[in-house]
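A.B. asks: Okay, so here is target_37.pdb, and as you'll see once you scroll down, it has PDB, C-alpha atoms.
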ATOM      1  CA  MET A  15      -0.494  84.894 135.505  1.00  0.00           C
ATOM      2  CA  ARG A  16       2.327  85.950 133.235  1.00  0.00           C
ATOM      3  CA  PRO A  17       5.749  86.713 134.672  1.00  0.00           C
ATOM      4  CA  LEU A  18       6.940  90.303 134.246  1.00  0.00           C
ATOM      5  CA  GLY A  19      10.388  89.055 133.447  1.00  0.00           C
ATOM      6  CA  ARG A  20      11.959  90.530 136.598  1.00  0.00           C
ATOM      7  CA  ARG A  21      13.219  88.157 139.206  1.00  0.00           C
ATOM      8  CA  SER A  22      14.692  88.937 142.565  1.00  0.00           C
ATOM      9  CA  SER A  23      16.408  86.795 145.124  1.00  0.00           C
ATOM     10  CA  MET A  24      15.650  87.345 148.787  1.00  0.00           C
ATOM     11  CA  TRP A  25      16.836  85.119 151.644  1.00  0.00           C
ATOM     12  CA  GLY A  26      17.823  82.482 149.100  1.00  0.00           C
ATOM     13  CA  LEU A  27      14.326  82.352 147.514  1.00  0.00           C
ATOM     14  CA  GLU A  28      13.670  83.362 143.939  1.00  0.00           C
ATOM     15  CA  LEU A  29      10.673  85.655 143.615  1.00  0.00           C
ATOM     16  CA  ALA A  30       8.827  86.478 140.421  1.00  0.00           C
ATOM     17  CA  ARG A  31       6.397  89.392 140.112  1.00  0.00           C
ATOM     18  CA  VAL A  32       3.387  88.842 137.914  1.00  0.00           C
ATOM     19  CA  HIS A  33       0.986  91.148 135.996  1.00  0.00           C
ATOM     20  CA  ASP A  34      -2.020  90.500 138.210  1.00  0.00           C
ATOM     21  CA  ASP A  35      -0.062  90.931 141.433  1.00  0.00           C
ATOM     22  CA  PRO A  36      -2.125  93.213 143.752  1.00  0.00           C
ATOM     23  CA  LEU A  37       1.137  94.544 145.178  1.00  0.00           C
ATOM     24  CA  ARG A  38       2.478  95.569 141.803  1.00  0.00           C
ATOM     25  CA  GLY A  39       3.501  99.038 143.099  1.00  0.00           C
ATOM     26  CA  CYS A  40       5.376  97.681 146.134  1.00  0.00           C
ATOM     27  CA  SER A  41       9.093  97.196 146.273  1.00  0.00           C
ATOM     28  CA  LEU A  42      10.420  93.754 145.437  1.00  0.00           C
ATOM     29  CA  SER A  43      11.378  93.149 149.050  1.00  0.00           C
ATOM     30  CA  MET A  44       7.907  93.960 150.401  1.00  0.00           C
ATOM     31  CA  ALA A  45       6.132  92.123 147.585  1.00  0.00           C
ATOM     32  CA  GLY A  46       8.343  89.092 148.174  1.00  0.00           C
ATOM     33  CA  ALA A  47       7.534  89.038 151.865  1.00  0.00           C
ATOM     34  CA  CYS A  48       3.831  89.305 151.076  1.00  0.00           C
ATOM     35  CA  LYS A  49       3.988  86.494 148.508  1.00  0.00           C
ATOM     36  CA  LEU A  50       5.576  84.257 151.112  1.00  0.00           C
ATOM     37  CA  VAL A  51       2.730  84.748 153.605  1.00  0.00           C
ATOM     38  CA  ARG A  52      -0.220  85.559 151.344  1.00  0.00           C
ATOM     39  CA  VAL A  53      -3.267  83.372 151.690  1.00  0.00           C
ATOM     40  CA  GLY A  54      -5.864  84.071 149.033  1.00  0.00           C
ATOM     41  CA  SER A  55      -6.570  87.804 148.729  1.00  0.00           C
ATOM     42  CA  SER A  56      -5.666  88.704 152.314  1.00  0.00           C
ATOM     43  CA  GLY A  57      -1.994  89.253 151.478  1.00  0.00           C
ATOM     44  CA  ILE A  58      -2.147  93.022 151.952  1.00  0.00           C
ATOM     45  CA  GLY A  59      -3.705  92.667 155.399  1.00  0.00           C
ATOM     46  CA  VAL A  60      -1.130  90.103 156.454  1.00  0.00           C
ATOM     47  CA  CYS A  61       1.697  92.346 155.224  1.00  0.00           C
ATOM     48  CA  LEU A  62       0.292  95.365 157.030  1.00  0.00           C
ATOM     49  CA  GLY A  63      -0.080  93.267 160.185  1.00  0.00           C
ATOM     50  CA  ILE A  64       3.523  92.101 159.979  1.00  0.00           C
ATOM     51  CA  GLY A  65       4.694  95.665 159.394  1.00  0.00           C
ATOM     52  CA  LEU A  66       2.766  96.957 162.407  1.00  0.00           C
ATOM     53  CA  LEU A  67       4.083  94.123 164.565  1.00  0.00           C
ATOM     54  CA  LEU A  68       7.682  94.888 163.577  1.00  0.00           C
ATOM     55  CA  THR A  69       7.178  98.620 164.210  1.00  0.00           C
ATOM     56  CA  ALA A  70       5.674  97.960 167.651  1.00  0.00           C
ATOM     57  CA  THR A  71       8.576  95.642 168.508  1.00  0.00           C
ATOM     58  CA  ASN A  72      11.099  98.338 167.558  1.00  0.00           C
ATOM     59  CA  VAL A  73       9.301 100.928 169.693  1.00  0.00           C
ATOM     60  CA  LEU A  74       9.224  98.602 172.703  1.00  0.00           C
ATOM     61  CA  LEU A  75      12.899  97.704 172.307  1.00  0.00           C
ATOM     62  CA  SER A  76      13.914 101.353 172.031  1.00  0.00           C
ATOM     63  CA  ASP A  77      12.444 101.982 175.509  1.00  0.00           C
ATOM     64  CA  ALA A  78      14.347  99.057 177.017  1.00  0.00           C
ATOM     65  CA  ALA A  79      17.334  99.697 179.262  1.00  0.00           C
ATOM     66  CA  PRO A  80      20.611 100.112 177.366  1.00  0.00           C
ATOM     67  CA  PRO A  81      23.227  97.372 177.632  1.00  0.00           C
ATOM     68  CA  ALA A  82      25.615  97.734 180.578  1.00  0.00           C
ATOM     69  CA  HIS A  83      28.468  98.993 178.392  1.00  0.00           C
ATOM     70  CA  ASN A  84      26.276 101.867 177.092  1.00  0.00           C
ATOM     71  CA  LYS A  85      24.676 102.874 180.385  1.00  0.00           C
ATOM     72  CA  GLU A  86      25.796 106.175 181.895  1.00  0.00           C
ATOM     73  CA  PHE A  87      26.437 106.314 185.619  1.00  0.00           C
ATOM     74  CA  PRO A  88      26.460 109.395 187.885  1.00  0.00           C
ATOM     75  CA  ILE A  89      30.055 109.768 189.045  1.00  0.00           C
ATOM     76  CA  THR A  90      30.790 112.608 191.455  1.00  0.00           C
ATOM     77  CA  VAL A  91      34.244 114.173 191.317  1.00  0.00           C
ATOM     78  CA  ASN A  92      35.183 115.866 194.580  1.00  0.00           C
ATOM     79  CA  ALA A  93      38.430 117.789 194.374  1.00  0.00           C
ATOM     80  CA  THR A  94      37.490 120.317 197.063  1.00  0.00           C
ATOM     81  CA  PRO A  95      40.330 119.203 199.401  1.00  0.00           C
ATOM     82  CA  LEU A  96      42.879 120.632 196.939  1.00  0.00           C
ATOM     83  CA  ASP A  97      44.610 123.762 198.175  1.00  0.00           C
ATOM     84  CA  PRO A  98      45.205 126.149 196.525  1.00  0.00           C
ATOM     85  CA  PRO A  99      42.040 125.928 194.410  1.00  0.00           C
ATOM     86  CA  THR A 100      42.525 125.215 190.726  1.00  0.00           C
ATOM     87  CA  TRP A 101      40.675 123.810 187.697  1.00  0.00           C
ATOM     88  CA  TRP A 102      40.347 120.170 186.722  1.00  0.00           C
ATOM     89  CA  GLN A 103      39.386 118.143 183.687  1.00  0.00           C
ATOM     90  CA  VAL A 104      38.304 114.726 182.503  1.00  0.00           C
ATOM     91  CA  PRO A 105      39.322 114.825 178.814  1.00  0.00           C
ATOM     92  CA  GLY A 106      36.475 114.095 176.445  1.00  0.00           C
ATOM     93  CA  VAL A 107      33.905 114.850 179.152  1.00  0.00           C
ATOM     94  CA  THR A 108      34.692 118.300 180.565  1.00  0.00           C
ATOM     95  CA  PRO A 109      36.319 121.329 178.899  1.00  0.00           C
ATOM     96  CA  MET A 110      40.097 121.048 178.561  1.00  0.00           C
ATOM     97  CA  ILE A 111      42.144 123.220 180.902  1.00  0.00           C
ATOM     98  CA  MET A 112      45.484 122.985 179.095  1.00  0.00           C
ATOM     99  CA  THR A 113      44.287 124.677 175.912  1.00  0.00           C
ATOM    100  CA  MET A 114      42.081 127.443 177.284  1.00  0.00           C
ATOM    101  CA  ASP A 115      42.480 130.582 179.314  1.00  0.00           C
ATOM    102  CA  PRO A 116      41.864 129.388 182.889  1.00  0.00           C
ATOM    103  CA  GLU A 117      40.100 132.610 183.812  1.00  0.00           C
ATOM    104  CA  THR A 118      37.466 132.228 181.076  1.00  0.00           C
ATOM    105  CA  THR A 119      37.183 128.447 180.781  1.00  0.00           C
ATOM    106  CA  GLU A 120      34.063 126.593 181.801  1.00  0.00           C
ATOM    107  CA  ALA A 121      36.199 123.779 183.180  1.00  0.00           C
ATOM    108  CA  PRO A 122      35.227 122.661 186.683  1.00  0.00           C
ATOM    109  CA  ARG A 123      36.939 124.260 189.671  1.00  0.00           C
ATOM    110  CA  THR A 124      38.187 122.422 192.704  1.00  0.00           C
ATOM    111  CA  THR A 125      36.027 124.652 194.901  1.00  0.00           C
ATOM    112  CA  GLU A 126      32.963 122.510 194.129  1.00  0.00           C
ATOM    113  CA  SER A 127      32.081 118.876 193.489  1.00  0.00           C
ATOM    114  CA  ARG A 128      30.729 117.988 190.061  1.00  0.00           C
ATOM    115  CA  GLU A 129      28.596 115.053 188.935  1.00  0.00           C
ATOM    116  CA  LEU A 130      29.525 113.585 185.558  1.00  0.00           C
ATOM    117  CA  LYS A 131      27.567 111.039 183.532  1.00  0.00           C
ATOM    118  CA  LEU A 132      30.145 108.409 182.545  1.00  0.00           C
ATOM    119  CA  LYS A 133      29.842 105.136 180.662  1.00  0.00           C
ATOM    120  CA  PRO A 134      31.983 102.170 181.699  1.00  0.00           C
ATOM    121  CA  GLY A 135      35.534 102.747 180.514  1.00  0.00           C
ATOM    122  CA  THR A 136      38.881 104.354 181.325  1.00  0.00           C
ATOM    123  CA  TYR A 137      39.162 108.096 181.972  1.00  0.00           C
ATOM    124  CA  ARG A 138      41.773 110.555 183.265  1.00  0.00           C
ATOM    125  CA  PHE A 139      41.379 113.125 185.984  1.00  0.00           C
ATOM    126  CA  GLY A 140      43.800 116.011 185.705  1.00  0.00           C
ATOM    127  CA  THR A 141      44.760 119.401 187.070  1.00  0.00           C
ATOM    128  CA  PHE A 142      47.680 121.568 185.957  1.00  0.00           C
ATOM    129  CA  THR A 143      50.042 119.628 188.258  1.00  0.00           C
ATOM    130  CA  PHE A 144      48.532 116.173 188.748  1.00  0.00           C
ATOM    131  CA  ASP A 145      46.732 113.603 186.632  1.00  0.00           C
ATOM    132  CA  PHE A 146      45.890 109.914 186.851  1.00  0.00           C
ATOM    133  CA  PRO A 147      43.719 107.293 185.138  1.00  0.00           C
ATOM    134  CA  PHE A 148      40.594 105.821 186.687  1.00  0.00           C
ATOM    135  CA  VAL A 149      38.028 103.275 185.535  1.00  0.00           C
ATOM    136  CA  VAL A 150      34.241 103.221 185.687  1.00  0.00           C
ATOM    137  CA  THR A 151      33.325  99.540 185.845  1.00  0.00           C
ATOM    138  CA  ARG A 152      30.268  97.932 184.232  1.00  0.00           C
ATOM    139  CA  ASP A 153      28.680  98.058 187.691  1.00  0.00           C
ATOM    140  CA  GLY A 154      29.077 101.851 187.683  1.00  0.00           C
ATOM    141  CA  VAL A 155      31.681 102.079 190.432  1.00  0.00           C
ATOM    142  CA  LEU A 156      35.204 103.463 190.409  1.00  0.00           C
ATOM    143  CA  ASP A 157      38.520 101.670 190.308  1.00  0.00           C
ATOM    144  CA  PHE A 158      42.063 103.007 190.107  1.00  0.00           C
ATOM    145  CA  ALA A 159      45.611 101.940 190.899  1.00  0.00           C
ATOM    146  CA  ARG A 160      46.331 101.174 194.561  1.00  0.00           C
ATOM    147  CA  SER A 161      49.450 103.327 194.268  1.00  0.00           C
ATOM    148  CA  LEU A 162      47.095 106.340 194.200  1.00  0.00           C
ATOM    149  CA  ASP A 163      45.517 105.519 197.583  1.00  0.00           C
ATOM    150  CA  GLN A 164      47.573 108.230 199.277  1.00  0.00           C
ATOM    151  CA  CYS A 165      45.931 110.941 197.183  1.00  0.00           C
ATOM    152  CA  VAL A 166      42.706 109.459 195.790  1.00  0.00           C
ATOM    153  CA  SER A 167      39.787 107.672 197.411  1.00  0.00           C
ATOM    154  CA  GLY A 168      36.452 106.272 196.304  1.00  0.00           C
ATOM    155  CA  ARG A 169      37.338 102.826 194.963  1.00  0.00           C
ATOM    156  CA  GLY A 170      34.148 100.751 194.738  1.00  0.00           C
ATOM    157  CA  THR A 171      31.907 103.836 195.033  1.00  0.00           C
ATOM    158  CA  GLN A 172      30.561 106.503 192.680  1.00  0.00           C
ATOM    159  CA  THR A 173      32.507 109.374 194.265  1.00  0.00           C
ATOM    160  CA  LEU A 174      36.090 110.115 193.257  1.00  0.00           C
ATOM    161  CA  THR A 175      37.791 112.240 195.923  1.00  0.00           C
ATOM    162  CA  VAL A 176      41.137 113.834 195.088  1.00  0.00           C
ATOM    163  CA  ARG A 177      43.210 115.073 198.056  1.00  0.00           C
ATOM    164  CA  CYS A 178      46.655 115.882 196.610  1.00  0.00           C
ATOM    165  CA  SER A 179      47.748 118.664 194.279  1.00  0.00           C
ATOM    166  CA  GLN A 180      50.845 116.748 193.203  1.00  0.00           C
ATOM    167  CA  MET A 181      51.755 113.111 192.955  1.00  0.00           C
ATOM    168  CA  GLN A 182      55.364 112.131 193.381  1.00  0.00           C
ATOM    169  CA  PRO A 183      56.364 108.490 193.573  1.00  0.00           C
ATOM    170  CA  TYR A 184      58.130 107.866 196.865  1.00  0.00           C
ATOM    171  CA  VAL A 185      58.099 105.066 199.410  1.00  0.00           C
ATOM    172  CA  GLY A 186      57.910 107.205 202.532  1.00  0.00           C
ATOM    173  CA  PRO A 187      54.875 107.526 204.767  1.00  0.00           C
ATOM    174  CA  PRO A 188      51.824 109.396 203.442  1.00  0.00           C
ATOM    175  CA  ASP A 189      52.037 113.172 203.714  1.00  0.00           C
ATOM    176  CA  TYR A 190      48.596 113.233 205.323  1.00  0.00           C
ATOM    177  CA  HIS A 191      46.817 111.436 208.115  1.00  0.00           C
ATOM    178  CA  ASP A 192      43.015 111.468 208.383  1.00  0.00           C
ATOM    179  CA  GLY A 193      42.833 114.406 206.002  1.00  0.00           C
ATOM    180  CA  VAL A 194      45.467 116.514 207.839  1.00  0.00           C
ATOM    181  CA  VAL A 195      48.651 117.313 205.951  1.00  0.00           C
ATOM    182  CA  THR A 196      51.690 116.297 208.041  1.00  0.00           C
ATOM    183  CA  ARG A 197      54.516 117.727 205.921  1.00  0.00           C
TER     184      ARG A 197
END
Just give me the structure of the file as C-alpha cells.
C.D. replies:
Amino acid sequence: MRPLGRRSSMWGLELARVHDDPLRGCSLSMAGACKLVRVGSSGIGVCLGIGLLLTATNVLLSDAAPPAHNKEFPITVNATPLDPPTWWQVPGVTPMIMTMDPETTEAPRTTESRELKLKPGTYRFGTFTFDFPFVVTRDGVLDFARSLDQCVSGRGTQTLTVRCSQMQPYVGPPDYHDGVVTR
C-alpha cells in the first residue's frame, strides 16, 4: 500500500488514504471512520451498518417528546367578562391590535374565548385600555402578579380569565364581588 500523500486529522487521529483503499471515492471523514472499524474486507458493511444505526437513532429521537422549555401548552384566554366588547392581543402570538384597523383585524375579540399554544415564558395580554404580563411555567400553568388578582384569575391553571377593562392602582376594595361590579 502506497500513501496517496493526503493526510487528514479526525478526532485527534491522523488518517492516510492509500491507493488500494476500497473506499477511495468516499470522503475523508467517512473513509477515516471505516478505517477505524474495518476488519478485513468487511469495512464497507460495517460502515453501512453504523450509518444505518445512526440514522435510525436520529429518527427515534426526532419522535421523542420535546424538552419542557420547547413544549407548547394549550392556554385558554377568556376575556368574555369585559364590557363593552373589544379586541385583545398577546404580542408575538396573535395579530396586533394597535397597528391595524380594528374593524378588519383578525385579532381575537372579547366576545369569545380563544385557545393559544404557548411555550413556557413571559407574555403580555392587552386590550386598547389594559395590559399586563403573565407567565406560562414549565409545568404549563399560568402565573401573574398578585396585584392583578382583582381583575385577572387563573393562576395555577391553563385558563386566563380577564374581568376588568381598565387597571388602576388603588388600595380601595375591589370594584367587583363574585363577578358583580359594585361601582
A.B. asks: When distances are computed from all atoms listed in the file, which of A:Gln164, A:Thr143, A:Thr124, A:Gln180 shows the smallest separation from A:Trp102?
C.D. replies: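 Of the candidates, the smallest distance to A:Trp102 is held by A:Thr124.
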A.B. asks: Which residues are near A:Pro122? Cut-off 10 Å, only C-alpha atoms, ignore same chain within fewer than 2 positions. Put them as a list of chain:residue names.
C.D. replies: A:Val91, A:Ala93, A:Thr100, A:Trp101, A:Trp102, A:Gln103, A:Val104, A:Thr108, A:Pro109, A:Met110, A:Ile111, A:Thr119, A:Glu120, A:Thr124, A:Thr125, A:Glu126, A:Ser127, A:Arg128
A.B. asks: Rounded to one decimal place, report the atom CA of A:Gly168-atom CA of A:Met114 distance in Å.
C.D. replies: 29.0 Å
A.B. asks: Could you work out how far atom CA of A:Met112 lies from atom CA of A:Thr173, giving the answer in Å with one decimal?
C.D. replies: 24.2 Å
A.B. asks: Just give me the gap between atom CA of A:Leu162 and atom CA of A:Asp115 in Å, one decimal is fine.
C.D. replies: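 Straight-line distance from atom CA of A:Leu162 to atom CA of A:Asp115 works out to 28.8 Å.
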A.B. asks: Here is a test: counting only C-alpha atoms, which residue of A:Pro95, A:Thr141, A:Ala121, A:Val150 is nearest to A:Val176?
C.D. replies: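 Using only C-alpha atoms, the shortest distance to A:Val176 belongs to A:Pro95.
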A.B. asks: Give as a PyMOL selection string the residues that the PyMOL selection byres ((chain A and resi 130) around 6) matches when applied to the coordinates above.
C.D. replies: chain A and resi 88-89+129+131
A.B. asks: Since we have the selection now, will you write its residues out, keeping C-alpha atoms, as a PDB file, in the coordinates of the input?
C.D. replies:
ATOM      1  CA  PRO A  88      26.460 109.395 187.885  1.00  0.00           C
ATOM      2  CA  ILE A  89      30.055 109.768 189.045  1.00  0.00           C
ATOM      3  CA  GLU A 129      28.596 115.053 188.935  1.00  0.00           C
ATOM      4  CA  LYS A 131      27.567 111.039 183.532  1.00  0.00           C
TER       5      LYS A 131
END
A.B. asks: For A:Ala159, which of A:Asn84, A:Thr136, A:Thr118, A:Thr113 is the closest residue, counting all atoms listed in the file?
C.D. replies: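 For A:Ala159, the nearest of the given residues is A:Thr136.
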